[in-house]
>>> print(open('query21.txt').read())   # compact mmCIF, C-alpha atoms
# COMPACT_ATOMS: atom_id res chain seq x y z
CA MET Q 1 8.56 -3.83 -4.09
CA HIS Q 2 9.60 -7.33 -3.17
CA ASP Q 3 12.00 -8.25 -0.38
CA LEU Q 4 15.32 -9.09 -2.05
CA LYS Q 5 16.38 -11.14 0.95
CA VAL Q 6 13.39 -13.41 0.44
CA ILE Q 7 14.26 -13.78 -3.25
CA ARG Q 8 17.89 -14.61 -2.39
CA ASP Q 9 16.89 -17.15 0.25
CA THR Q 10 14.04 -18.84 -1.67
CA PRO Q 11 14.31 -18.07 -5.40
CA ALA Q 12 12.40 -21.18 -6.48
CA ALA Q 13 9.51 -20.35 -4.14
CA PHE Q 14 9.44 -16.77 -5.44
CA ASP Q 15 9.20 -17.97 -9.05
CA ALA Q 16 6.56 -20.53 -8.10
CA ALA Q 17 4.46 -17.82 -6.45
CA LEU Q 18 4.58 -15.58 -9.52
CA ALA Q 19 3.94 -18.56 -11.79
CA ARG Q 20 0.47 -18.72 -10.24
CA ARG Q 21 -0.12 -15.40 -11.99
CA GLY Q 22 1.23 -16.73 -15.28
CA ILE Q 23 4.61 -14.98 -15.00
CA ALA Q 24 7.77 -16.70 -16.27
CA PRO Q 25 10.68 -17.25 -13.83
CA VAL Q 26 12.50 -14.03 -12.98
CA ALA Q 27 14.49 -14.81 -9.82
CA ASP Q 28 17.73 -15.74 -11.61
CA ALA Q 29 17.76 -12.51 -13.63
CA LEU Q 30 16.97 -10.43 -10.55
CA LEU Q 31 19.66 -12.10 -8.48
CA ALA Q 32 22.26 -11.72 -11.24
CA LEU Q 33 21.54 -7.99 -11.36
CA ASP Q 34 21.57 -7.83 -7.58
CA GLN Q 35 24.94 -9.62 -7.49
CA GLN Q 36 26.42 -7.14 -9.97
CA ARG Q 37 25.14 -4.24 -7.89
CA ARG Q 38 26.50 -5.71 -4.66
CA ALA Q 39 29.87 -6.45 -6.26
CA ALA Q 40 30.08 -2.87 -7.53
CA GLN Q 41 29.14 -1.58 -4.09
CA THR Q 42 31.84 -3.74 -2.47
CA ALA Q 43 34.40 -2.42 -4.93
CA LEU Q 44 33.29 1.13 -4.16
CA ASN Q 45 33.62 0.51 -0.42
CA ASP Q 46 37.12 -0.90 -0.93
CA MET Q 47 38.13 2.13 -2.97
CA GLN Q 48 36.74 4.48 -0.33
CA ALA Q 49 38.72 2.68 2.37
CA ARG Q 50 41.90 2.81 0.25
CA ARG Q 51 41.37 6.51 -0.50
CA ASN Q 52 41.01 7.28 3.20
CA GLU Q 53 44.12 5.25 3.98
CA VAL Q 54 46.20 7.00 1.34
CA SER Q 55 44.85 10.42 2.32
CA ARG Q 56 46.02 9.84 5.88
CA ALA Q 57 49.42 8.79 4.56
CA ILE Q 58 49.64 11.97 2.49
CA GLY Q 59 49.04 14.00 5.62
CA ASP Q 60 51.78 12.19 7.48
CA ILE Q 61 54.23 12.55 4.60
CA ARG Q 62 53.60 16.27 4.23
CA LYS Q 63 53.97 16.81 7.94
CA ALA Q 64 57.40 15.19 7.64
CA GLY Q 65 58.28 17.58 4.79
CA GLY Q 66 57.71 15.23 1.86
CA THR Q 67 55.70 15.86 -1.35
CA ALA Q 68 53.68 12.60 -1.54
CA GLU Q 69 53.40 12.88 -5.34
CA ALA Q 70 52.73 9.17 -5.93
CA GLU Q 71 50.13 9.06 -3.19
CA THR Q 72 48.42 12.17 -4.53
CA GLN Q 73 48.22 10.64 -8.00
CA GLU Q 74 46.75 7.46 -6.52
CA VAL Q 75 44.04 9.43 -4.71
CA ALA Q 76 43.17 11.27 -7.93
CA ALA Q 77 42.93 7.96 -9.79
CA LEU Q 78 40.81 6.49 -7.01
CA LYS Q 79 38.42 9.44 -7.13
CA ALA Q 80 37.93 8.99 -10.87
CA ARG Q 81 37.32 5.27 -10.51
CA MET Q 82 34.99 5.87 -7.56
CA SER Q 83 32.91 8.31 -9.58
CA GLU Q 84 32.54 5.74 -12.36
CA THR Q 85 31.70 2.99 -9.85
CA GLU Q 86 29.16 5.18 -8.06
CA ASP Q 87 27.42 5.69 -11.41
CA GLU Q 88 27.52 1.93 -11.98
CA VAL Q 89 26.02 1.20 -8.55
CA ARG Q 90 23.29 3.76 -9.21
CA ARG Q 91 22.56 2.39 -12.69
CA LEU Q 92 22.36 -1.20 -11.49
CA GLY Q 93 20.22 -0.22 -8.52
CA GLU Q 94 17.79 1.69 -10.74
CA ALA Q 95 17.62 -1.21 -13.20
CA LEU Q 96 16.89 -3.63 -10.37
CA ASP Q 97 14.24 -1.32 -8.91
CA GLN Q 98 12.57 -0.93 -12.30
CA GLN Q 99 12.31 -4.69 -12.71
CA LEU Q 100 10.95 -5.14 -9.20
CA LEU Q 101 8.42 -2.33 -9.67
CA THR Q 102 6.85 -4.14 -12.62
CA LEU Q 103 6.35 -7.42 -10.75
CA PRO Q 104 2.93 -7.96 -9.11
CA ASN Q 105 2.32 -9.02 -5.55
CA ARG Q 106 2.54 -12.67 -4.58
CA VAL Q 107 -0.94 -14.08 -4.03
CA ASP Q 108 -2.05 -15.62 -0.76
CA ASP Q 109 -2.08 -19.40 -0.39
CA THR Q 110 -5.87 -19.32 -0.03
CA VAL Q 111 -6.40 -17.67 -3.43
CA PRO Q 112 -7.84 -20.15 -5.95
CA ASP Q 113 -5.70 -20.98 -8.97
CA GLY Q 114 -6.88 -20.07 -12.44
CA SER Q 115 -5.95 -18.11 -15.55
CA ASP Q 116 -8.97 -15.79 -15.81
CA GLU Q 117 -12.31 -14.80 -14.28
CA THR Q 118 -13.87 -18.14 -15.15
CA ALA Q 119 -11.88 -19.66 -12.30
CA ASN Q 120 -13.16 -17.20 -9.68
CA VAL Q 121 -14.98 -18.86 -6.80
CA GLU Q 122 -18.35 -17.74 -5.49
CA VAL Q 123 -18.22 -17.48 -1.70
CA ARG Q 124 -21.82 -16.50 -0.85
CA ARG Q 125 -24.96 -14.78 -2.09
CA TRP Q 126 -27.35 -12.38 -0.44
CA GLY Q 127 -30.87 -11.52 -1.51
CA THR Q 128 -33.11 -12.91 -4.23
CA PRO Q 129 -33.35 -11.21 -7.63
CA ARG Q 130 -36.74 -9.66 -8.14
CA ALA Q 131 -39.20 -11.36 -10.50
CA PHE Q 132 -40.67 -8.72 -12.80
CA ASP Q 133 -44.13 -9.07 -14.41
CA PHE Q 134 -43.27 -6.52 -17.11
CA ALA Q 135 -40.51 -5.99 -19.65
CA VAL Q 136 -37.40 -4.84 -17.82
CA ARG Q 137 -35.69 -1.63 -18.97
CA ASP Q 138 -31.99 -0.97 -18.59
CA HIS Q 139 -30.69 2.05 -16.68
CA VAL Q 140 -30.15 4.06 -19.86
CA ASP Q 141 -33.76 3.79 -20.98
CA LEU Q 142 -34.96 4.45 -17.43
CA GLY Q 143 -32.69 7.46 -16.92
CA GLN Q 144 -33.51 9.04 -20.25
CA GLY Q 145 -37.20 8.36 -19.75
CA LEU Q 146 -37.03 10.25 -16.46
CA ASP Q 147 -35.19 13.12 -18.19
CA GLY Q 148 -32.34 12.71 -15.74
CA MET Q 149 -29.57 11.06 -17.76
CA ASP Q 150 -28.07 12.77 -20.81
CA PHE Q 151 -25.23 11.08 -22.69
CA GLU Q 152 -25.51 13.30 -25.77
CA ALA Q 153 -24.92 16.46 -23.77
CA ALA Q 154 -21.95 14.83 -22.06
CA ALA Q 155 -20.54 13.81 -25.46
CA ARG Q 156 -20.79 17.40 -26.69
CA LEU Q 157 -18.90 18.53 -23.61
CA SER Q 158 -16.31 15.79 -23.22
CA GLY Q 159 -16.78 12.92 -25.68
CA ALA Q 160 -17.68 9.28 -25.07
CA ARG Q 161 -17.85 7.59 -21.65
CA PHE Q 162 -19.26 10.58 -19.78
CA VAL Q 163 -22.78 11.39 -18.54
CA VAL Q 164 -24.74 14.39 -17.36
CA LEU Q 165 -27.13 13.65 -14.50
CA LYS Q 166 -29.80 16.15 -13.55
CA GLY Q 167 -32.87 16.60 -11.41
CA ALA Q 168 -33.93 13.73 -9.21
CA LEU Q 169 -31.27 11.37 -10.59
CA ALA Q 170 -28.47 13.79 -9.72
CA ARG Q 171 -29.95 14.03 -6.24
CA LEU Q 172 -30.27 10.24 -6.04
CA GLU Q 173 -26.58 9.78 -6.84
CA ARG Q 174 -25.70 12.36 -4.17
CA ALA Q 175 -27.99 10.56 -1.72
CA LEU Q 176 -26.22 7.28 -2.41
CA ALA Q 177 -22.81 8.79 -1.73
CA GLN Q 178 -24.00 10.43 1.49
CA TYR Q 179 -25.62 7.22 2.67
CA MET Q 180 -22.43 5.24 2.05
CA LEU Q 181 -20.25 7.76 3.88
CA ASP Q 182 -22.62 8.04 6.82
CA LEU Q 183 -22.80 4.26 7.17
CA HIS Q 184 -19.03 3.81 7.11
CA ILE Q 185 -18.45 6.67 9.53
CA THR Q 186 -21.18 5.96 12.08
CA GLU Q 187 -21.44 2.17 11.91
CA HIS Q 188 -18.06 0.98 10.66
CA ALA Q 189 -15.65 3.32 12.50
CA TYR Q 190 -14.00 4.81 9.42
CA THR Q 191 -12.72 8.37 9.57
CA GLU Q 192 -13.88 10.58 6.71
CA VAL Q 193 -11.01 12.24 4.82
CA GLN Q 194 -10.98 14.72 1.96
CA THR Q 195 -7.96 14.41 -0.31
CA PRO Q 196 -6.67 16.08 -3.49
CA ALA Q 197 -7.75 14.71 -6.85
CA LEU Q 198 -4.31 15.47 -8.30
CA VAL Q 199 -1.17 13.58 -7.29
CA ARG Q 200 2.46 13.35 -8.32
CA GLU Q 201 4.15 10.25 -9.72
CA PRO Q 202 5.54 8.92 -6.39
CA ALA Q 203 2.03 8.46 -4.99
CA LEU Q 204 1.05 6.25 -7.93
CA LEU Q 205 4.31 4.33 -7.67
CA GLY Q 206 3.53 3.71 -4.02
CA THR Q 207 0.17 2.04 -4.60
CA GLY Q 208 1.21 0.22 -7.78
CA GLN Q 209 -0.57 2.10 -10.57
CA LEU Q 210 2.83 3.11 -11.95
CA PRO Q 211 4.81 2.15 -13.87
CA LYS Q 212 2.76 -0.75 -15.21
CA PHE Q 213 -0.60 0.96 -15.77
CA ALA Q 214 0.46 4.38 -17.03
CA GLU Q 215 -1.80 4.13 -20.09
CA ASP Q 216 -4.87 3.88 -17.86
CA LEU Q 217 -4.13 7.19 -16.12
CA PHE Q 218 -4.87 10.77 -17.11
CA ARG Q 219 -1.61 12.73 -16.92
CA LEU Q 220 -1.59 16.52 -17.02
CA GLU Q 221 1.13 18.60 -18.67
CA GLN Q 222 2.24 20.03 -15.31
CA GLY Q 223 3.27 16.56 -14.10
CA TYR Q 224 0.15 15.85 -12.08
CA TYR Q 225 -2.06 12.81 -12.51
CA LEU Q 226 -5.81 12.63 -11.91
CA ILE Q 227 -6.47 9.96 -9.31
CA PRO Q 228 -8.04 6.69 -10.54
CA THR Q 229 -9.31 6.04 -7.00
CA ALA Q 230 -8.93 7.50 -3.51
CA GLU Q 231 -6.94 4.37 -2.66
CA VAL Q 232 -3.96 6.33 -4.01
CA THR Q 233 -4.35 9.35 -1.77
CA LEU Q 234 -5.62 7.64 1.37
CA THR Q 235 -2.94 4.93 1.36
CA ASN Q 236 -0.18 7.44 0.65
CA LEU Q 237 -1.06 9.40 3.78
CA VAL Q 238 1.32 6.96 5.53
CA ASN Q 239 4.00 7.19 2.83
CA GLY Q 240 7.41 7.43 4.50
CA GLN Q 241 5.87 7.41 7.97
CA ILE Q 242 6.73 5.37 11.05
CA LEU Q 243 3.51 4.89 13.04
CA PRO Q 244 3.29 3.77 16.64
CA LEU Q 245 1.54 0.43 17.01
CA SER Q 246 -1.07 2.23 19.12
CA ALA Q 247 -2.17 4.18 16.00
CA LEU Q 248 -3.26 0.96 14.28
CA PRO Q 249 -5.67 0.04 12.86
CA LEU Q 250 -6.06 3.24 10.87
CA ARG Q 251 -9.34 3.22 8.91
CA MET Q 252 -10.22 5.98 6.44
CA THR Q 253 -12.97 6.62 3.91
CA ALA Q 254 -13.35 9.26 1.21
CA LEU Q 255 -15.77 10.26 -1.52
CA THR Q 256 -13.90 11.43 -4.61
CA GLN Q 257 -14.20 11.81 -8.32
CA CYS Q 258 -12.17 9.09 -10.03
CA PHE Q 259 -10.66 9.26 -13.50
CA ARG Q 260 -9.67 6.31 -15.68
CA ALA Q 261 -8.65 6.22 -19.32
CA GLU Q 262 -10.06 2.69 -19.69
CA ALA Q 263 -7.28 2.02 -22.20
CA GLY Q 264 -7.90 -1.72 -22.20
CA ALA Q 265 -11.68 -1.51 -22.38
CA ALA Q 266 -12.26 -0.73 -26.05
CA GLY Q 267 -15.71 -1.92 -27.06
CA ARG Q 268 -16.70 -2.95 -23.52
CA ASP Q 269 -19.74 -1.47 -21.78
CA THR Q 270 -20.01 1.36 -24.26
CA ARG Q 271 -23.69 1.84 -23.41
CA GLY Q 272 -24.52 3.61 -20.19
CA MET Q 273 -22.72 4.24 -16.93
CA ILE Q 274 -20.97 0.94 -16.24
CA ARG Q 275 -17.53 1.96 -17.53
CA GLN Q 276 -16.84 5.70 -17.61
CA HIS Q 277 -13.83 7.99 -17.69
CA GLN Q 278 -15.11 9.95 -14.69
CA PHE Q 279 -17.15 8.60 -11.79
CA GLU Q 280 -17.69 8.94 -8.06
CA LYS Q 281 -16.59 6.32 -5.59
CA VAL Q 282 -16.57 5.96 -1.83
CA GLU Q 283 -13.27 4.31 -0.93
CA MET Q 284 -12.24 2.49 2.23
CA VAL Q 285 -8.58 2.11 3.24
CA SER Q 286 -7.17 0.33 6.28
CA ILE Q 287 -3.61 0.45 7.61
CA VAL Q 288 -3.03 -2.41 10.05
CA ALA Q 289 -0.44 -4.58 11.74
CA PRO Q 290 0.50 -7.67 9.66
CA GLU Q 291 -1.15 -10.16 11.99
CA ASP Q 292 -4.48 -8.33 11.62
CA SER Q 293 -4.73 -7.94 7.85
CA ASP Q 294 -6.52 -11.20 7.04
CA ALA Q 295 -9.28 -10.41 9.54
CA GLU Q 296 -9.39 -6.81 8.31
CA LEU Q 297 -10.12 -7.98 4.76
CA GLU Q 298 -13.13 -9.92 5.99
CA ARG Q 299 -14.27 -6.89 8.00
CA MET Q 300 -13.85 -4.49 5.08
CA THR Q 301 -15.76 -6.81 2.74
CA GLY Q 302 -18.55 -6.95 5.30
CA CYS Q 303 -18.67 -3.14 5.41
CA ALA Q 304 -19.14 -3.01 1.63
CA GLU Q 305 -21.79 -5.72 1.84
CA ALA Q 306 -23.67 -3.71 4.47
CA VAL Q 307 -24.22 -0.93 1.91
CA LEU Q 308 -25.83 -3.34 -0.55
CA GLN Q 309 -27.89 -4.98 2.17
CA GLY Q 310 -29.13 -1.60 3.37
CA LEU Q 311 -30.19 -0.78 -0.17
CA GLY Q 312 -31.85 -4.18 -0.58
CA LEU Q 313 -29.77 -5.04 -3.67
CA PRO Q 314 -29.08 -8.75 -4.34
CA TYR Q 315 -25.38 -9.52 -4.71
CA ARG Q 316 -22.77 -12.22 -4.51
CA VAL Q 317 -19.23 -12.31 -3.10
CA VAL Q 318 -16.54 -13.82 -5.32
CA ALA Q 319 -12.96 -14.76 -4.42
CA LEU Q 320 -10.74 -13.80 -7.34
CA CYS Q 321 -8.40 -16.43 -8.73
CA SER Q 322 -4.65 -15.99 -9.21
CA GLY Q 323 -5.02 -15.01 -12.86
CA ASP Q 324 -7.71 -12.37 -12.29
CA ILE Q 325 -6.50 -10.67 -9.12
CA GLY Q 326 -5.18 -7.10 -9.27
CA PHE Q 327 -1.51 -6.17 -9.56
CA SER Q 328 -1.02 -5.00 -5.95
CA ALA Q 329 -3.39 -7.44 -4.28
CA ARG Q 330 -2.49 -10.48 -2.23
CA LYS Q 331 -6.13 -11.52 -1.89
CA THR Q 332 -9.33 -9.98 -3.26
CA TYR Q 333 -13.07 -10.35 -2.87
CA ASP Q 334 -15.30 -8.82 -5.54
CA LEU Q 335 -18.87 -7.88 -4.75
CA GLU Q 336 -21.14 -8.31 -7.76
CA VAL Q 337 -24.61 -6.75 -7.76
CA TRP Q 338 -27.56 -8.15 -9.68
CA LEU Q 339 -28.52 -6.13 -12.77
CA PRO Q 340 -31.94 -7.23 -14.07
CA ALA Q 341 -31.50 -5.78 -17.57
CA GLN Q 342 -28.32 -7.80 -18.10
CA GLY Q 343 -29.62 -10.81 -16.21
CA CYS Q 344 -26.31 -11.26 -14.40
CA TYR Q 345 -24.15 -10.08 -11.52
CA ARG Q 346 -21.70 -7.24 -12.24
CA GLU Q 347 -18.80 -5.96 -10.13
CA ILE Q 348 -19.66 -3.06 -7.84
CA SER Q 349 -16.87 -3.35 -5.26
CA SER Q 350 -13.44 -4.89 -4.96
CA CYS Q 351 -11.86 -5.37 -1.51
CA SER Q 352 -8.18 -6.29 -1.39
CA ASN Q 353 -5.46 -7.08 1.11
CA THR Q 354 -2.11 -6.02 -0.37
CA GLY Q 355 -0.05 -7.25 2.59
CA ASP Q 356 3.20 -5.28 2.81
CA PHE Q 357 3.48 -4.86 -0.98
CA GLN Q 358 2.39 -1.21 -1.07
CA ALA Q 359 4.05 -0.46 2.27
CA ARG Q 360 7.45 -1.50 0.89
CA ARG Q 361 6.97 0.75 -2.14
CA MET Q 362 5.99 3.63 0.18
CA ASN Q 363 8.36 2.77 3.04
CA ALA Q 364 5.40 2.86 5.45
CA ARG Q 365 6.26 1.26 8.77
CA PHE Q 366 5.23 0.93 12.39
CA LYS Q 367 7.17 0.53 15.62
CA VAL Q 368 6.32 -1.41 18.74
CA GLU Q 369 7.27 0.52 21.87
CA GLY Q 370 10.31 -0.99 23.55
CA GLU Q 371 11.37 -2.98 20.49
CA LYS Q 372 14.31 -2.24 18.23
CA GLY Q 373 13.68 -1.65 14.56
CA THR Q 374 10.46 -1.23 12.62
CA ARG Q 375 8.13 -3.41 10.55
CA PHE Q 376 6.14 -2.71 7.42
CA VAL Q 377 2.42 -2.09 7.86
CA HIS Q 378 -0.18 -3.97 5.82
CA THR Q 379 -2.54 -1.95 3.65
CA LEU Q 380 -6.04 -2.79 2.44
CA ASN Q 381 -8.47 -1.01 0.14
CA GLY Q 382 -12.03 -1.50 -0.99
CA SER Q 383 -14.89 0.23 -2.77
CA GLY Q 384 -17.69 1.10 -0.47
CA LEU Q 385 -19.16 1.50 -3.15
CA ALA Q 386 -18.74 2.72 -6.73
CA VAL Q 387 -21.52 5.32 -6.66
CA GLY Q 388 -22.41 5.36 -10.36
CA ARG Q 389 -22.72 1.59 -10.59
CA THR Q 390 -24.84 1.62 -7.45
CA LEU Q 391 -27.13 4.16 -9.12
CA VAL Q 392 -27.40 1.80 -12.09
CA ALA Q 393 -28.34 -1.08 -9.76
CA VAL Q 394 -30.94 0.99 -7.89
CA LEU Q 395 -32.60 2.18 -11.09
CA GLU Q 396 -32.84 -1.31 -12.56
CA ASN Q 397 -33.85 -3.16 -9.39
CA TYR Q 398 -36.38 -0.56 -8.21
CA GLN Q 399 -38.01 0.21 -11.56
CA ASN Q 400 -41.77 0.11 -12.03
CA ALA Q 401 -43.92 -0.83 -15.01
CA ASP Q 402 -44.70 2.82 -15.82
CA GLY Q 403 -41.02 3.75 -16.05
CA SER Q 404 -40.85 5.32 -12.62
CA VAL Q 405 -38.32 4.24 -9.99
CA SER Q 406 -39.04 3.68 -6.31
CA VAL Q 407 -36.55 5.21 -3.90
CA PRO Q 408 -35.04 2.64 -1.49
CA PRO Q 409 -36.29 3.39 2.07
CA VAL Q 410 -32.80 4.13 3.46
CA LEU Q 411 -32.32 6.87 0.85
CA ARG Q 412 -35.61 8.68 1.39
CA PRO Q 413 -34.32 10.88 4.23
CA TYR Q 414 -31.61 12.10 1.85
CA MET Q 415 -34.24 12.74 -0.83
CA GLY Q 416 -36.50 14.95 1.25
CA GLY Q 417 -38.89 12.05 1.85
CA LEU Q 418 -39.38 11.35 -1.87
CA GLU Q 419 -40.65 7.78 -2.40
CA ARG Q 420 -40.77 7.61 -6.17
CA ILE Q 421 -39.03 9.28 -9.10
CA GLY Q 422 -41.32 9.78 -12.08
CA SER Q 423 -45.06 9.33 -12.55
>>> encode(input="query21.txt", output="structure tokens")
Amino acid sequence: MHDLKVIRDTPAAFDAALARRGIAPVADALLALDQQRRAAQTALNDMQARRNEVSRAIGDIRKAGGTAEAETQEVAALKARMSETEDEVRRLGEALDQQLLTLPNRVDDTVPDGSDETANVEVRRWGTPRAFDFAVRDHVDLGQGLDGMDFEAAARLSGARFVVLKGALARLERALAQYMLDLHITEHAYTEVQTPALVREPALLGTGQLPKFAEDLFRLEQGYYLIPTAEVTLTNLVNGQILPLSALPLRMTALTQCFRAEAGAAGRDTRGMIRQHQFEKVEMVSIVAPEDSDAELERMTGCAEAVLQGLGLPYRVVALCSGDIGFSARKTYDLEVWLPAQGCYREISSCSNTGDFQARRMNARFKVEGEKGTRFVHTLNGSGLAVGRTLVAVLENYQNADGSVSVPPVLRPYMGGLERIGS
């Protein structure tokens, strides 16, 4: 949620910030609703004060032997009006909250302007794409040729946008996930956490998936939602908490199944494993003090890059523009890995600083010892990495002319020393 005080004090600046995302001015409408709510609350407070005053008078009158009929009638009338006004305050407050909940985060001043991904800015590249002396296969042909990737079986089980992995490819995906976790835990000082895959609505409200992106979520009849990413569960571990400053930074990582309806992806990446309803991802989440969040974003991005560097996969880092950045993000770097079969870089990780945007929605704060009051934490999240897409990149970048795939050296200990999959 946004700070109403900031909107009241600088409405033009608030509108200008959201205009960078292509959103029409909203400050006047928000402030009008806020003014109605505050006026109703003031009226309610006045009625409460009057009721208390008259109630005391009734007591005095009755002690003196009087009946206080007029005063009693006034209190009854006040109670009725107060009940109506309480409903009005609640209604206006809920309406204001609903509007605020649908507004995205304000982007950082350093975020490049632009309306879509064409305005994203490349920050750096690492590695050189391999020059092949044979016809390159995509991951689908490679996986099926190795008898380790079965989309037809998955379709019989679940429909489109699912896959069954088996044999060495199933083990390779598990090896990738274990390698990522081990790297983040031992080298990057993240704490491994296991979280539920089912959450209630408040958790998704806290991180910004609801209410705006409800159609992209899988909702169960019992009121649970399948998580779209462990960002939801890891970040919400501080929901409603007041942390001591000494507990920060808090860095967590988790390997989970992720579930996305891909409601807005009709016709996109229908072949293969790039865009699926169910996939594994290693997530990184940091909870930090506000003054540390910019540096933490650079650190987190570097942790994701280290996975790709360890695997020897060429990639580039891209700063997302104001029109392409995610709903909750203040600033985002995407990591895009080179896919030989497509002849381009494709997203494999997204690392974002959300500032205090999620913390306000979750009421997640910290307290400095000896100081009065509390402050909102800053939250960050990043993929470290999307495991299925990393499998795609390994298959395509490490393929051989005979259809076999070499195992990257860092994964061989997880594969029982296996150096090559296939003939």
>>> closest_residue(input="query21.txt", among="Q:Gly206, Q:Gly384, Q:Gly223, Q:Gly323", to="Glu280 of chain Q", atoms="only C-alpha atoms")
Q:Gly384
>>> closest_residue(input="query21.txt", among="Q:Ile58, Q:Ala17, Q:Ala40, Q:Val107", to="Arg81 of chain Q", atoms="all atoms listed in the file")
Q:Ala40
>>> residues_around(input="query21.txt", residues="Met180 of chain Q", least_positions_apart="5", cutoff="12 Å", atoms="only C-alpha atoms", output="MDAnalysis selection string")
chainID Q and resid 173:175 185:188 190 192 253:255 280:284 303:311 383:387 390 410:411 414
>>> closest_residue(input="query21.txt", among="Q:Leu313, Q:Ala261, Q:Leu183, Q:Leu146", to="Thr128 of chain Q", atoms="only C-alpha atoms")
Q:Leu313
>>> atom_distance(input="query21.txt", atom1="atom CA of Glu231 of chain Q", atom2="atom CA of Ser246 of chain Q")
22.7 Å
>>> residues_around(input="query21.txt", residues="segment 43-56 of chain Q", least_positions_apart="4", cutoff="12 Å", atoms="only C-alpha atoms", output="PDB file with C-alpha atoms, in the frame of the given file")
ATOM      1  CA  GLN Q  36      26.420  -7.140  -9.970  1.00  0.00           C
ATOM      2  CA  ARG Q  37      25.140  -4.240  -7.890  1.00  0.00           C
ATOM      3  CA  ARG Q  38      26.500  -5.710  -4.660  1.00  0.00           C
ATOM      4  CA  ALA Q  39      29.870  -6.450  -6.260  1.00  0.00           C
ATOM      5  CA  ASP Q  60      51.780  12.190   7.480  1.00  0.00           C
ATOM      6  CA  ILE Q  61      54.230  12.550   4.600  1.00  0.00           C
ATOM      7  CA  ARG Q  62      53.600  16.270   4.230  1.00  0.00           C
ATOM      8  CA  LYS Q  63      53.970  16.810   7.940  1.00  0.00           C
ATOM      9  CA  ALA Q  68      53.680  12.600  -1.540  1.00  0.00           C
ATOM     10  CA  GLU Q  69      53.400  12.880  -5.340  1.00  0.00           C
ATOM     11  CA  ALA Q  70      52.730   9.170  -5.930  1.00  0.00           C
ATOM     12  CA  GLU Q  71      50.130   9.060  -3.190  1.00  0.00           C
ATOM     13  CA  THR Q  72      48.420  12.170  -4.530  1.00  0.00           C
ATOM     14  CA  GLN Q  73      48.220  10.640  -8.000  1.00  0.00           C
ATOM     15  CA  GLU Q  74      46.750   7.460  -6.520  1.00  0.00           C
ATOM     16  CA  VAL Q  75      44.040   9.430  -4.710  1.00  0.00           C
ATOM     17  CA  ALA Q  76      43.170  11.270  -7.930  1.00  0.00           C
ATOM     18  CA  ALA Q  77      42.930   7.960  -9.790  1.00  0.00           C
ATOM     19  CA  LEU Q  78      40.810   6.490  -7.010  1.00  0.00           C
ATOM     20  CA  LYS Q  79      38.420   9.440  -7.130  1.00  0.00           C
ATOM     21  CA  ALA Q  80      37.930   8.990 -10.870  1.00  0.00           C
ATOM     22  CA  ARG Q  81      37.320   5.270 -10.510  1.00  0.00           C
ATOM     23  CA  MET Q  82      34.990   5.870  -7.560  1.00  0.00           C
ATOM     24  CA  SER Q  83      32.910   8.310  -9.580  1.00  0.00           C
ATOM     25  CA  GLU Q  84      32.540   5.740 -12.360  1.00  0.00           C
ATOM     26  CA  THR Q  85      31.700   2.990  -9.850  1.00  0.00           C
ATOM     27  CA  GLU Q  86      29.160   5.180  -8.060  1.00  0.00           C
ATOM     28  CA  ASP Q  87      27.420   5.690 -11.410  1.00  0.00           C
ATOM     29  CA  GLU Q  88      27.520   1.930 -11.980  1.00  0.00           C
ATOM     30  CA  VAL Q  89      26.020   1.200  -8.550  1.00  0.00           C
ATOM     31  CA  ARG Q  90      23.290   3.760  -9.210  1.00  0.00           C
TER      32      ARG Q  90
END
>>> atom_distance(input="query21.txt", atom1="atom CA of Glu221 of chain Q", atom2="atom CA of Asp97 of chain Q")
25.8 Å
>>> closest_residue(input="query21.txt", among="Q:Asp150, Q:Leu30, Q:Glu298, Q:Val123", to="Ala170 of chain Q", atoms="only C-alpha atoms")
Q:Asp150
>>> closest_atom_pairs(input="query21.txt", of="segment 242-293 of chain Q", to="segment 360-374 of chain Q", cutoff="9 Å", atoms="all atoms listed in the file", output="tab-separated table")
residue	atom	partner	partner_atom	distance
Q:Ile242	CA	Q:Arg365	CA	4.7
Q:Leu243	CA	Q:Phe366	CA	4.4
Q:Pro244	CA	Q:Lys367	CA	5.2
Q:Leu245	CA	Q:Val368	CA	5.4
Q:Ser246	CA	Q:Val368	CA	8.2
Q:Ala247	CA	Q:Phe366	CA	8.9
Q:Leu248	CA	Q:Phe366	CA	8.7
Q:Ala289	CA	Q:Phe366	CA	7.9
>>> closest_residue(input="query21.txt", among="Q:Ala203, Q:Val318, Q:Val285, Q:Leu210", to="Leu101 of chain Q", atoms="all atoms listed in the file")
Q:Leu210
>>> closest_residue(input="query21.txt", among="Q:Met300, Q:Leu320, Q:Ile287, Q:Leu172", to="Gly355 of chain Q", atoms="only C-alpha atoms")
Q:Ile287
>>> atom_distance(input="query21.txt", atom1="atom CA of Asp216 of chain Q", atom2="atom CA of Thr229 of chain Q")
11.9 Å
>>> residues_near_point(input="query21.txt", point="(-19.1, 0.5, -19.5)", cutoff="12 Å", atoms="all atoms listed in the file", output="ChimeraX atom specification")
/Q:140,160-163,260-262,264-279,346-347,388-389,392
>>> axis_aligned_box(input="query21.txt", around="segment 168-182 of chain Q", padding_each_side="3 Å", output="lines of an AutoDock Vina configuration file")
center_x = -27.1
center_y = 9.6
center_z = -1.9
size_x = 19.7
size_y = 14.8
size_z = 23.4
>>> residues_around(input="query21.txt", residues="segment 394-409 of chain Q", least_positions_apart="3", cutoff="8 Å", atoms="all atoms listed in the file", output="PyMOL selection string")
chain Q and resi 130+134-139+142-143+145-146+311-313+339-341+390-391+412+418-423
>>> residues_around(input="query21.txt", residues="Val199 of chain Q", least_positions_apart="3", cutoff="10 Å", atoms="only C-alpha atoms", output="list of chain:residue names")
Q:Thr195, Q:Pro196, Q:Pro202, Q:Ala203, Q:Leu204, Q:Arg219, Q:Gly223, Q:Tyr224, Q:Tyr225, Q:Leu226, Q:Ile227, Q:Val232, Q:Thr233
